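A.B. asks: Questions regarding the structure given below will be posed in turn.
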Amino acid sequence: MIVGFSRWLGAGTLAIALLSGCQTGVDGRIRRGYALARHPSAGNKNRVEAMLLDPDRDVRTTALVIMGGIDAVRARAMALRSLDDSDGRVRAAAVELCAEGADSETILRLTARSIDDPVWHVRARSLEAIASSDDPAVRDACARGLSDPVRYVRRAALRAGIRRPGLLPVDQLSKLLASDTDWENRVEAAIALGASKESAAYAGLEAAMADPNEFVRATAARERRELEQAGIPR
């Protein structure tokens with residue numbers, strides 16, 4: 001009887017230990033963060049912010065996401081600190097929270113990230129975040145993004161140029177349209193050239209009408225036609 005009780009006690013102790021481990025592991029700490037967010041008192045916000053000190057990147061990223069949903073001002077302050085986090089996933093999450101209403105100092109920090117960050121997700125998101133700024137450094141950063149080694153960063157720069165005609169140099173767009181190994185980027189480059197409404201765009205678009213990809217050819221033809229219809233001189 002005593003032996004049986006001892007075995008039961010040992011099994012119960014092990015179960016409690018395993019349950020405790022689940023609660024204090026990464027998943028447990030993330031679940032606790034979301035539980036705190038359901039009751040966003042000042043104390044619970046402090047506890048969520050303290051998650052930025054967690055050694056696990058997923059917990060730190062979750063802290064930013066959670067705070068973004070319950071206190072935008074505090075989330076932005078946390079994100080500004082997290083732009084210098086050691087992990088790219090955390091920095092990428094921070095970029096999104098810093099973007100809206102960014103002041104000149106934040107724009108400069110994001111511009112630097114768009115050029116120098118070793119993680120391409122951060123570079124791409126930073127380009128998206130700064131694209132609407134009139135800071136001269138932003139124009140240079142977006143132009144540099146066209147030659148980034150990662151196609152997704154180049155695409156982010158291209159899409160910034162589509163949203164803001166004149167942001168990207170026409171000669172660089174034409175060069176990318178002729179040489180980018182990613183056909184989707186060549187399509188985006190053709191659209192950006194058309195959006196520029198510049199006479200210099202004709203040459204790149206006409207050359208692209210011989211592109212090996214049918215979608216690139218069709219887009220280039222359409223954009224050239226729209227330039228003509230808009231009355232843009234050759």
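FYI, nothing fancy with the structure tokens labels: chains A, B, ... in order, residues from 1 per chain, ligands from 1 as they appear.
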Which polymer residues have any atom within 9 Å of an atom of A:Glu223, counting only C-alpha atoms, with same-chain residues fewer than 5 positions away left out, as an NGL selection string?

C.D. replies: :A and (190-191 or 193-195 or 202 or 205 or 218 or 228)

A.B. asks: Go ahead and write the selection's residues with N, CA, C and O atoms as a PDB file, in the first residue's frame.

C.D. replies:
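The file below, again-v6.pdb, is the result:
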```
ATOM      1  N   ALA A 190       8.343  47.596 -64.960  1.00  0.00           N
ATOM      2  CA  ALA A 190       7.605  48.169 -66.092  1.00  0.00           C
ATOM      3  C   ALA A 190       6.494  49.081 -65.594  1.00  0.00           C
ATOM      4  O   ALA A 190       6.271  50.178 -66.141  1.00  0.00           O
ATOM      5  N   ILE A 191       5.801  48.654 -64.554  1.00  0.00           N
ATOM      6  CA  ILE A 191       4.725  49.480 -63.996  1.00  0.00           C
ATOM      7  C   ILE A 191       5.294  50.782 -63.421  1.00  0.00           C
ATOM      8  O   ILE A 191       4.727  51.861 -63.598  1.00  0.00           O
ATOM      9  N   LEU A 193       8.009  52.284 -64.338  1.00  0.00           N
ATOM     10  CA  LEU A 193       8.395  53.159 -65.451  1.00  0.00           C
ATOM     11  C   LEU A 193       7.174  53.883 -66.017  1.00  0.00           C
ATOM     12  O   LEU A 193       7.225  55.085 -66.293  1.00  0.00           O
ATOM     13  N   GLY A 194       6.085  53.148 -66.191  1.00  0.00           N
ATOM     14  CA  GLY A 194       4.874  53.789 -66.681  1.00  0.00           C
ATOM     15  C   GLY A 194       4.363  54.857 -65.736  1.00  0.00           C
ATOM     16  O   GLY A 194       3.918  55.932 -66.163  1.00  0.00           O
ATOM     17  N   ALA A 195       4.455  54.582 -64.444  1.00  0.00           N
ATOM     18  CA  ALA A 195       3.969  55.541 -63.448  1.00  0.00           C
ATOM     19  C   ALA A 195       4.814  56.806 -63.401  1.00  0.00           C
ATOM     20  O   ALA A 195       4.338  57.862 -62.982  1.00  0.00           O
ATOM     21  N   TYR A 202      10.190  55.446 -72.174  1.00  0.00           N
ATOM     22  CA  TYR A 202       9.844  54.744 -73.409  1.00  0.00           C
ATOM     23  C   TYR A 202      10.882  53.694 -73.800  1.00  0.00           C
ATOM     24  O   TYR A 202      10.534  52.565 -74.194  1.00  0.00           O
ATOM     25  N   LEU A 205      10.738  50.482 -71.734  1.00  0.00           N
ATOM     26  CA  LEU A 205       9.499  49.741 -71.977  1.00  0.00           C
ATOM     27  C   LEU A 205       9.512  49.069 -73.348  1.00  0.00           C
ATOM     28  O   LEU A 205       9.085  47.919 -73.499  1.00  0.00           O
ATOM     29  N   ALA A 218       3.575  41.920 -71.928  1.00  0.00           N
ATOM     30  CA  ALA A 218       2.242  42.522 -71.928  1.00  0.00           C
ATOM     31  C   ALA A 218       2.205  43.786 -71.075  1.00  0.00           C
ATOM     32  O   ALA A 218       1.582  44.792 -71.460  1.00  0.00           O
ATOM     33  N   GLU A 228       1.682  57.021 -74.032  1.00  0.00           N
ATOM     34  CA  GLU A 228       1.261  57.693 -75.261  1.00  0.00           C
ATOM     35  C   GLU A 228      -0.107  58.351 -75.088  1.00  0.00           C
ATOM     36  O   GLU A 228      -0.313  59.502 -75.515  1.00  0.00           O
TER      37      GLU A 228
END
```

A.B. asks: Among the residues of stretch 1-208 of chain A, find those DSSP assigns to alpha helix (DSSP H) from the backbone and print them as JSON, numbers by chain.

C.D. replies: {"A": [2, 3, 4, 5, 6, 7, 8, 9, 10, 11, 12, 13, 14, 15, 16, 17, 18, 19, 20, 21, 22, 23, 24, 26, 27, 28, 29, 30, 31, 32, 33, 34, 35, 36, 37, 42, 43, 44, 45, 46, 47, 48, 49, 50, 57, 58, 59, 60, 61, 62, 63, 64, 65, 66, 67, 68, 69, 70, 72, 73, 74, 75, 76, 77, 78, 79, 80, 81, 82, 88, 89, 90, 91, 92, 93, 94, 95, 96, 97, 98, 99, 104, 105, 106, 107, 108, 109, 110, 111, 112, 113, 114, 115, 116, 120, 121, 122, 123, 124, 125, 126, 127, 128, 129, 130, 136, 137, 138, 139, 140, 141, 142, 143, 144, 145, 151, 152, 153, 154, 155, 156, 157, 158, 159, 160, 161, 162, 163, 170, 171, 172, 173, 174, 175, 176, 177, 178, 179, 183, 184, 185, 186, 187, 188, 189, 190, 191, 192, 193, 194, 195, 196, 201, 202, 203, 204, 205, 206, 207, 208]}

A.B. asks: Can you work out which one of A:Ala93, A:Leu83, A:Val65, A:Leu176 has the shortest atom-to-atom distance to A:Asp148, counting only C-alpha atoms?

C.D. replies: A:Leu176

A.B. asks: Name all residues at most 9 Å from A:Ala160 (count only C-alpha atoms; drop same-chain ones fewer than 6 positions away) and give them as an MDAnalysis selection string.

C.D. replies: chainID A and resid 127:128 130:132 142 167:168 192

A.B. asks: Could the residues in this selection be written to a file with C-alpha atoms, as a short mmCIF file (atom, residue, chain, number, x, y, z; two decimals), in the first residue's frame?

C.D. replies:
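Contents of selection_2.cif, as written:
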```cif
data_model
loop_
_atom_site.label_atom_id
_atom_site.label_comp_id
_atom_site.auth_asym_id
_atom_site.auth_seq_id
_atom_site.Cartn_x
_atom_site.Cartn_y
_atom_site.Cartn_z
CA LEU A 127 11.71 50.52 -47.31
CA GLU A 128 7.95 50.16 -47.12
CA ILE A 130 9.93 55.17 -45.24
CA ALA A 131 8.60 55.35 -48.80
CA SER A 132 6.18 58.22 -48.09
CA CYS A 142 15.00 53.38 -52.23
CA LEU A 167 10.91 58.43 -56.40
CA LEU A 168 13.16 56.08 -58.39
CA ALA A 192 7.07 51.85 -62.15
#
```

A.B. asks: Counting only C-alpha atoms, what is within 12 Å of A:Pro212, bar same-chain residues fewer than 6 positions away, as a list in words?

C.D. replies: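 My reading of the contact set: Leu177, Ala178, Ser179, Thr181, Asp182, Trp183, Arg186, Val187 and Ala218 of chain A.
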
A.B. asks: Export N, CA, C and O atoms of the chosen residues as a PDB file, in the first residue's frame?

C.D. replies:
```
ATOM      1  N   LEU A 177      14.640  46.466 -65.301  1.00  0.00           N
ATOM      2  CA  LEU A 177      13.661  45.846 -66.186  1.00  0.00           C
ATOM      3  C   LEU A 177      14.354  44.939 -67.202  1.00  0.00           C
ATOM      4  O   LEU A 177      13.815  43.901 -67.590  1.00  0.00           O
ATOM      5  N   ALA A 178      15.534  45.301 -67.599  1.00  0.00           N
ATOM      6  CA  ALA A 178      16.254  44.513 -68.601  1.00  0.00           C
ATOM      7  C   ALA A 178      17.043  43.356 -67.999  1.00  0.00           C
ATOM      8  O   ALA A 178      17.348  42.384 -68.704  1.00  0.00           O
ATOM      9  N   SER A 179      17.362  43.433 -66.698  1.00  0.00           N
ATOM     10  CA  SER A 179      18.318  42.462 -66.166  1.00  0.00           C
ATOM     11  C   SER A 179      17.881  41.663 -64.947  1.00  0.00           C
ATOM     12  O   SER A 179      18.520  40.663 -64.615  1.00  0.00           O
ATOM     13  N   THR A 181      16.588  38.981 -62.565  1.00  0.00           N
ATOM     14  CA  THR A 181      16.341  37.559 -62.816  1.00  0.00           C
ATOM     15  C   THR A 181      14.934  37.126 -62.427  1.00  0.00           C
ATOM     16  O   THR A 181      14.488  36.046 -62.805  1.00  0.00           O
ATOM     17  N   ASP A 182      14.229  37.959 -61.681  1.00  0.00           N
ATOM     18  CA  ASP A 182      12.872  37.634 -61.237  1.00  0.00           C
ATOM     19  C   ASP A 182      11.854  38.316 -62.160  1.00  0.00           C
ATOM     20  O   ASP A 182      11.807  39.545 -62.234  1.00  0.00           O
ATOM     21  N   TRP A 183      11.039  37.532 -62.861  1.00  0.00           N
ATOM     22  CA  TRP A 183      10.118  38.132 -63.830  1.00  0.00           C
ATOM     23  C   TRP A 183       9.072  39.024 -63.156  1.00  0.00           C
ATOM     24  O   TRP A 183       8.629  40.019 -63.748  1.00  0.00           O
ATOM     25  N   ARG A 186      10.488  42.306 -62.857  1.00  0.00           N
ATOM     26  CA  ARG A 186      10.503  43.003 -64.152  1.00  0.00           C
ATOM     27  C   ARG A 186       9.127  43.593 -64.461  1.00  0.00           C
ATOM     28  O   ARG A 186       9.019  44.688 -65.016  1.00  0.00           O
ATOM     29  N   VAL A 187       8.084  42.868 -64.089  1.00  0.00           N
ATOM     30  CA  VAL A 187       6.735  43.410 -64.245  1.00  0.00           C
ATOM     31  C   VAL A 187       6.575  44.683 -63.417  1.00  0.00           C
ATOM     32  O   VAL A 187       6.052  45.705 -63.901  1.00  0.00           O
ATOM     33  N   ALA A 218       3.575  41.920 -71.928  1.00  0.00           N
ATOM     34  CA  ALA A 218       2.242  42.522 -71.928  1.00  0.00           C
ATOM     35  C   ALA A 218       2.205  43.786 -71.075  1.00  0.00           C
ATOM     36  O   ALA A 218       1.582  44.792 -71.460  1.00  0.00           O
TER      37      ALA A 218
END
```

A.B. asks: Find the residues around stretch 22-39 of chain A up to 8 Å (only C-alpha atoms counted), leave out those fewer than 5 positions away in its own chain, and share them as a PDB file with N, CA, C and O atoms, in the first residue's frame.

C.D. replies:
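Wrote it out as selection_13.pdb, contents follow:
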```pdb
ATOM      1  N   ASN A  44      -0.572  45.067 -15.875  1.00  0.00           N
ATOM      2  CA  ASN A  44      -0.417  44.050 -16.920  1.00  0.00           C
ATOM      3  C   ASN A  44       0.345  44.582 -18.123  1.00  0.00           C
ATOM      4  O   ASN A  44       1.096  43.851 -18.772  1.00  0.00           O
ATOM      5  N   LYS A  45       0.170  45.869 -18.427  1.00  0.00           N
ATOM      6  CA  LYS A  45       0.973  46.462 -19.503  1.00  0.00           C
ATOM      7  C   LYS A  45       2.449  46.446 -19.129  1.00  0.00           C
ATOM      8  O   LYS A  45       3.318  46.205 -19.978  1.00  0.00           O
ATOM      9  N   ARG A  47       3.869  44.251 -17.296  1.00  0.00           N
ATOM     10  CA  ARG A  47       4.311  42.858 -17.432  1.00  0.00           C
ATOM     11  C   ARG A  47       4.538  42.495 -18.892  1.00  0.00           C
ATOM     12  O   ARG A  47       5.490  41.774 -19.216  1.00  0.00           O
ATOM     13  N   VAL A  48       3.680  42.997 -19.767  1.00  0.00           N
ATOM     14  CA  VAL A  48       3.880  42.741 -21.194  1.00  0.00           C
ATOM     15  C   VAL A  48       5.169  43.406 -21.672  1.00  0.00           C
ATOM     16  O   VAL A  48       5.966  42.809 -22.394  1.00  0.00           O
ATOM     17  N   MET A  51       8.337  41.624 -21.083  1.00  0.00           N
ATOM     18  CA  MET A  51       8.633  40.494 -21.964  1.00  0.00           C
ATOM     19  C   MET A  51       9.713  40.843 -22.993  1.00  0.00           C
ATOM     20  O   MET A  51      10.315  39.951 -23.592  1.00  0.00           O
ATOM     21  N   ASP A  56      14.088  34.766 -25.388  1.00  0.00           N
ATOM     22  CA  ASP A  56      13.585  34.161 -26.617  1.00  0.00           C
ATOM     23  C   ASP A  56      13.014  35.220 -27.551  1.00  0.00           C
ATOM     24  O   ASP A  56      12.202  36.061 -27.150  1.00  0.00           O
ATOM     25  N   ASP A  58      10.850  34.956 -29.968  1.00  0.00           N
ATOM     26  CA  ASP A  58       9.409  34.870 -30.217  1.00  0.00           C
ATOM     27  C   ASP A  58       8.618  35.553 -29.106  1.00  0.00           C
ATOM     28  O   ASP A  58       7.567  36.153 -29.359  1.00  0.00           O
ATOM     29  N   VAL A  59       9.117  35.456 -27.903  1.00  0.00           N
ATOM     30  CA  VAL A  59       8.454  36.126 -26.778  1.00  0.00           C
ATOM     31  C   VAL A  59       8.584  37.635 -26.929  1.00  0.00           C
ATOM     32  O   VAL A  59       7.614  38.379 -26.729  1.00  0.00           O
ATOM     33  N   THR A  62       6.301  38.767 -29.655  1.00  0.00           N
ATOM     34  CA  THR A  62       4.918  38.720 -29.174  1.00  0.00           C
ATOM     35  C   THR A  62       4.606  39.926 -28.292  1.00  0.00           C
ATOM     36  O   THR A  62       3.504  40.483 -28.362  1.00  0.00           O
ATOM     37  N   ALA A  63       5.563  40.342 -27.493  1.00  0.00           N
ATOM     38  CA  ALA A  63       5.350  41.511 -26.629  1.00  0.00           C
ATOM     39  C   ALA A  63       5.008  42.740 -27.469  1.00  0.00           C
ATOM     40  O   ALA A  63       4.110  43.520 -27.121  1.00  0.00           O
ATOM     41  N   ILE A  66       1.446  42.244 -29.014  1.00  0.00           N
ATOM     42  CA  ILE A  66       0.405  42.390 -27.990  1.00  0.00           C
ATOM     43  C   ILE A  66       0.209  43.858 -27.628  1.00  0.00           C
ATOM     44  O   ILE A  66      -0.912  44.364 -27.591  1.00  0.00           O
ATOM     45  N   MET A  67       1.303  44.561 -27.364  1.00  0.00           N
ATOM     46  CA  MET A  67       1.185  45.963 -26.958  1.00  0.00           C
ATOM     47  C   MET A  67       0.606  46.802 -28.092  1.00  0.00           C
ATOM     48  O   MET A  67      -0.135  47.770 -27.850  1.00  0.00           O
ATOM     49  N   ILE A  70      -3.085  46.909 -27.679  1.00  0.00           N
ATOM     50  CA  ILE A  70      -3.726  47.460 -26.481  1.00  0.00           C
ATOM     51  C   ILE A  70      -3.277  48.887 -26.139  1.00  0.00           C
ATOM     52  O   ILE A  70      -3.978  49.595 -25.423  1.00  0.00           O
TER      53      ILE A  70
END
```

A.B. asks: When you count only C-alpha atoms, which of these residues is closest to A:Ala72: A:Ala137, A:Ser174, A:Ser126, A:Leu97?

C.D. replies: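 Of the candidates, the smallest distance to A:Ala72 is held by A:Leu97.
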
A.B. asks: Give me, please, the distance in Å between atom CA of A:Ser133 and atom CA of A:Gly68, quoted to one decimal.

C.D. replies: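 Computed distance, atom CA of A:Ser133 to atom CA of A:Gly68, equals 22.5 Å.
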